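Peer 1: Provided herewith: start_33.cif, mmCIF, C-alpha atoms.
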```
data_my_file
loop_
_atom_site.label_atom_id
_atom_site.label_comp_id
_atom_site.auth_asym_id
_atom_site.auth_seq_id
_atom_site.Cartn_x
_atom_site.Cartn_y
_atom_site.Cartn_z
CA MET O 18 -27.22 8.46 -30.51
CA SER O 19 -23.80 6.94 -29.80
CA ILE O 20 -23.30 3.88 -27.65
CA LYS O 21 -20.21 4.02 -25.49
CA ALA O 22 -18.67 0.62 -24.81
CA GLU O 23 -17.40 -0.18 -21.35
CA ALA O 24 -13.66 -0.56 -20.85
CA THR O 25 -12.39 -4.14 -20.88
CA ILE O 26 -9.50 -6.04 -19.35
CA GLU O 27 -7.92 -6.00 -22.82
CA ASP O 28 -7.93 -2.18 -22.59
CA LEU O 29 -5.84 -2.46 -19.41
CA TYR O 30 -3.21 -4.47 -21.26
CA LEU O 31 -2.99 -1.60 -23.79
CA VAL O 32 -2.22 1.09 -21.19
CA PRO O 33 1.25 2.51 -21.99
CA ASP O 34 4.27 1.48 -19.93
CA ASN O 35 4.80 3.33 -16.67
CA CYS O 36 1.06 3.97 -16.34
CA LYS O 37 -1.37 2.46 -13.89
CA ALA O 38 -5.10 2.13 -14.51
CA GLU O 39 -8.21 0.45 -13.13
CA ILE O 40 -11.68 -0.12 -14.55
CA VAL O 41 -14.19 1.72 -12.37
CA ASN O 42 -17.83 2.25 -13.36
CA GLY O 43 -17.05 0.87 -16.81
CA LYS O 44 -14.39 3.49 -17.49
CA LEU O 45 -10.62 3.21 -17.71
CA LEU O 46 -9.33 5.30 -14.80
CA LEU O 47 -5.68 6.33 -15.16
CA MET O 48 -3.81 6.66 -11.89
CA SER O 49 -1.01 9.17 -11.41
CA PRO O 50 2.29 8.23 -9.76
CA THR O 51 2.61 8.86 -6.06
CA GLY O 52 5.13 10.79 -3.97
CA PHE O 53 7.78 9.75 -1.50
CA LEU O 54 5.74 9.33 1.68
CA PRO O 55 2.84 7.32 0.22
CA GLY O 56 5.28 5.25 -1.85
CA ARG O 57 7.38 4.54 1.21
CA ALA O 58 4.31 3.60 3.28
CA GLY O 59 3.13 1.18 0.58
CA GLY O 60 6.61 -0.31 0.39
CA GLU O 61 6.75 -0.88 4.14
CA ILE O 62 3.36 -2.59 4.10
CA TYR O 63 4.47 -4.81 1.21
CA ALA O 64 7.68 -5.71 3.10
CA SER O 65 5.60 -6.79 6.11
CA LEU O 66 3.32 -8.86 3.88
CA ARG O 67 6.38 -10.46 2.27
CA ASP O 68 7.67 -11.42 5.72
CA TYR O 69 4.28 -12.96 6.48
CA GLU O 70 4.34 -14.88 3.18
CA ARG O 71 7.70 -16.39 4.11
CA LEU O 72 6.49 -17.38 7.56
CA ALA O 73 3.14 -18.75 6.38
CA ARG O 74 4.65 -20.45 3.30
CA SER O 75 1.37 -19.76 1.58
CA GLY O 76 -0.03 -17.01 -0.61
CA TYR O 77 1.69 -14.12 -2.34
CA ALA O 78 2.66 -10.68 -1.04
CA LEU O 79 2.37 -8.23 -3.93
CA PRO O 80 3.62 -4.65 -4.33
CA ASP O 81 2.07 -1.70 -6.14
CA ASN O 82 0.97 -1.93 -9.77
CA VAL O 83 -0.17 -5.57 -9.79
CA GLY O 84 -3.54 -5.94 -11.52
CA PHE O 85 -6.43 -8.07 -10.25
CA VAL O 86 -9.39 -8.94 -12.48
CA VAL O 87 -12.54 -8.70 -10.35
CA ASN O 88 -16.27 -8.70 -10.97
CA LEU O 89 -17.53 -6.69 -8.01
CA LEU O 90 -20.02 -3.84 -7.80
CA ASN O 91 -18.93 -1.21 -10.34
CA ARG O 92 -15.38 -2.42 -10.68
CA ARG O 93 -13.71 -4.85 -13.09
CA SER O 94 -10.13 -4.42 -11.94
CA LEU O 95 -8.14 -3.45 -8.89
CA SER O 96 -4.50 -2.40 -8.53
CA PRO O 97 -3.80 -1.71 -4.84
CA ASP O 98 -0.60 -0.29 -3.37
CA ALA O 99 0.08 -3.60 -1.61
CA ALA O 100 -1.87 -6.85 -1.43
CA PHE O 101 -1.90 -10.45 -0.25
CA TYR O 102 -3.29 -13.02 -2.70
CA ILE O 103 -4.02 -16.73 -2.17
CA GLY O 104 -5.20 -17.66 -5.68
CA LYS O 105 -3.24 -19.16 -8.56
CA ALA O 106 -0.26 -17.31 -10.04
CA THR O 107 -0.88 -16.24 -13.66
CA GLY O 108 2.60 -15.54 -14.99
CA GLY O 109 2.68 -12.16 -16.71
CA LYS O 110 -1.11 -11.78 -16.77
CA PHE O 111 -3.37 -10.04 -14.26
CA LEU O 112 -4.45 -12.16 -11.30
CA ASN O 113 -7.98 -13.58 -11.25
CA GLY O 114 -10.12 -12.47 -8.31
CA ALA O 115 -9.61 -10.03 -5.49
CA PRO O 116 -6.80 -10.36 -2.98
CA ILE O 117 -7.74 -11.34 0.58
CA PHE O 118 -6.01 -8.18 1.80
CA ALA O 119 -5.46 -4.96 -0.12
CA VAL O 120 -4.02 -1.60 0.86
CA GLU O 121 -4.60 1.79 -0.73
CA VAL O 122 -2.30 4.50 0.63
CA ARG O 123 -3.73 7.97 0.19
CA SER O 124 -1.65 10.47 -1.76
CA GLU O 125 -2.01 14.24 -1.88
CA ASN O 126 -4.35 13.94 -4.89
CA ASP O 127 -6.57 11.32 -3.24
CA TYR O 128 -9.02 13.78 -1.71
CA GLY O 129 -12.40 15.11 -2.80
CA ASP O 130 -15.74 13.50 -3.67
CA THR O 131 -14.50 11.34 -6.57
CA ALA O 132 -11.54 9.99 -4.61
CA LYS O 133 -13.79 9.28 -1.63
CA LYS O 134 -16.26 7.29 -3.78
CA ILE O 135 -13.46 5.22 -5.33
CA TRP O 136 -11.93 4.61 -1.90
CA LEU O 137 -15.27 3.47 -0.48
CA GLN O 138 -15.74 1.07 -3.41
CA SER O 139 -12.29 -0.38 -2.69
CA VAL O 140 -13.21 -0.91 0.97
CA LEU O 141 -16.43 -2.65 -0.06
CA ILE O 142 -14.51 -4.95 -2.41
CA ILE O 143 -12.21 -5.99 0.41
CA LEU O 144 -15.11 -6.56 2.79
CA LEU O 145 -17.05 -8.60 0.23
CA ARG O 146 -13.97 -10.72 -0.43
CA VAL O 147 -13.33 -11.39 3.26
CA LEU O 148 -16.95 -12.04 4.31
#
```
Show how you would write the structure in this file as structure tokens.
Peer 2:
Amino acid sequence: MSIKAEATIEDLYLVPDNCKAEIVNGKLLLMSPTGFLPGRAGGEIYASLRDYERLARSGYALPDNVGFVVNLLNRRSLSPDAAFYIGKATGGKFLNGAPIFAVEVRSENDYGDTAKKIWLQSVLIILLRVL
């Protein structure tokens, strides 16, 4: 019998350049790049969050591919398409804790049972963080 170890945050740091991954259900889940429309939508949301950051003079607006280390449900990391974070900056390391606002823009490949389960987990993470 073989024992399969769960993916760790250290595994995320080893993901090759130009790749995006999250730890979901103990497994390293590689994410494919997105297309024009979803990328543009995520960019517009980030731009609005950046404007809010400047007005509020508090928190950080963050674009796609920023990693958050979380300990929620079946998830150990989160990398939303846009986010707003009020915790401490960590330099070049992943941020600790979930953002107070996170956006996942659906791409053409984000449909089906597996995508729906992952999406619902993301929504629960956001709700748990806000409540």
Peer 1: CA of Leu95 (chain O) to CA of Tyr69 (chain O): how many Å, to one decimal?
Peer 2: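 If I compute the distance from CA of Leu95 (chain O) to CA of Tyr69 (chain O), I get 21.9 Å.
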Peer 1: Hey, what's within 8 Å of region 71-84 of chain O if we count only C-alpha atoms and toss same-chain stuff fewer than 3 positions away? As a PyMOL selection string, please?
Peer 2: chain O and resi 37+59-60+63+66-68+94-104+111-112
Peer 1: For Thr25 (chain O), which residue out of O:Val86, O:Met48, O:Ala115, O:Ala64 is the nearest one, using only C-alpha atoms?
Peer 2: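 Of the candidates, the smallest distance to Thr25 (chain O) is held by O:Val86.
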Peer 1: Could you tell me how far CA of Ala119 (chain O) sits from CA of Gly56 (chain O), in Å to one decimal place?
Peer 2: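 CA of Ala119 (chain O) lies 14.9 Å from CA of Gly56 (chain O).
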Peer 1: Using Å and a single decimal, report how far CA of Phe85 (chain O) sits from CA of Gly114 (chain O).
Peer 2: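 CA of Phe85 (chain O) lies at a distance of 6.1 Å from CA of Gly114 (chain O).
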Peer 1: Do you know which residues are at most 12 Å from Leu45 (chain O) counting only C-alpha atoms, after dropping those on the same chain fewer than 4 positions away, and could you put them as a ChimeraX atom specification?
Peer 2: /O:22-32,36-41,91-95
Peer 1: Name every residue that the PyMOL selection byres ((chain O and resi 122) around 6) selects in this structure, writing the answer as a list in words with chains first and numbers rising.
Peer 2: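 Applied to this file, the PyMOL selection byres ((chain O and resi 122) around 6) returns Pro55, Glu121 and Arg123 of chain O.
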Peer 1: Generate the coordinates of N, CA and C atoms for region 88-105 of chain O; report them as a JSON list (two decimals), keeping the file's coordinate frame.
Peer 2:
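In the end it all went to selection00.json:
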```json
[["chain", "number", "residue", "atom", "x", "y", "z"],
["O", 88, "ASN", "N", -14.93, -8.94, -10.45],
["O", 88, "ASN", "CA", -16.27, -8.70, -10.97],
["O", 88, "ASN", "C", -17.14, -8.31, -9.77],
["O", 89, "LEU", "N", -16.87, -7.14, -9.23],
["O", 89, "LEU", "CA", -17.53, -6.69, -8.01],
["O", 89, "LEU", "C", -18.14, -5.31, -8.21],
["O", 90, "LEU", "N", -19.33, -5.13, -7.74],
["O", 90, "LEU", "CA", -20.02, -3.84, -7.80],
["O", 90, "LEU", "C", -19.77, -3.15, -9.13],
["O", 91, "ASN", "N", -19.18, -1.97, -9.12],
["O", 91, "ASN", "CA", -18.93, -1.21, -10.34],
["O", 91, "ASN", "C", -17.47, -1.25, -10.74],
["O", 92, "ARG", "N", -16.82, -2.33, -10.45],
["O", 92, "ARG", "CA", -15.38, -2.42, -10.68],
["O", 92, "ARG", "C", -15.03, -3.74, -11.36],
["O", 93, "ARG", "N", -14.16, -3.66, -12.37],
["O", 93, "ARG", "CA", -13.71, -4.85, -13.09],
["O", 93, "ARG", "C", -12.24, -5.14, -12.86],
["O", 94, "SER", "N", -11.54, -4.19, -12.24],
["O", 94, "SER", "CA", -10.13, -4.42, -11.94],
["O", 94, "SER", "C", -9.75, -3.64, -10.68],
["O", 95, "LEU", "N", -8.64, -4.05, -10.13],
["O", 95, "LEU", "CA", -8.14, -3.45, -8.89],
["O", 95, "LEU", "C", -6.63, -3.50, -8.96],
["O", 96, "SER", "N", -5.96, -2.44, -8.57],
["O", 96, "SER", "CA", -4.50, -2.40, -8.53],
["O", 96, "SER", "C", -4.07, -1.67, -7.26],
["O", 97, "PRO", "N", -4.10, -2.37, -6.12],
["O", 97, "PRO", "CA", -3.80, -1.71, -4.84],
["O", 97, "PRO", "C", -2.31, -1.41, -4.67],
["O", 98, "ASP", "N", -2.00, -0.64, -3.66],
["O", 98, "ASP", "CA", -0.60, -0.29, -3.37],
["O", 98, "ASP", "C", 0.17, -1.46, -2.77],
["O", 99, "ALA", "N", -0.51, -2.36, -2.13],
["O", 99, "ALA", "CA", 0.08, -3.60, -1.61],
["O", 99, "ALA", "C", -1.08, -4.58, -1.42],
["O", 100, "ALA", "N", -0.79, -5.87, -1.54],
["O", 100, "ALA", "CA", -1.87, -6.85, -1.43],
["O", 100, "ALA", "C", -1.31, -8.21, -1.03],
["O", 101, "PHE", "N", -2.23, -9.06, -0.53],
["O", 101, "PHE", "CA", -1.90, -10.45, -0.25],
["O", 101, "PHE", "C", -2.93, -11.31, -0.97],
["O", 102, "TYR", "N", -2.45, -12.24, -1.79],
["O", 102, "TYR", "CA", -3.29, -13.02, -2.70],
["O", 102, "TYR", "C", -3.06, -14.50, -2.46],
["O", 103, "ILE", "N", -4.15, -15.29, -2.41],
["O", 103, "ILE", "CA", -4.02, -16.73, -2.17],
["O", 103, "ILE", "C", -4.46, -17.57, -3.37],
["O", 104, "GLY", "N", -4.78, -16.93, -4.49],
["O", 104, "GLY", "CA", -5.20, -17.66, -5.68],
["O", 104, "GLY", "C", -4.00, -18.18, -6.46],
["O", 105, "LYS", "N", -4.28, -18.62, -7.70],
["O", 105, "LYS", "CA", -3.24, -19.16, -8.56],
["O", 105, "LYS", "C", -2.44, -18.04, -9.22]]
```
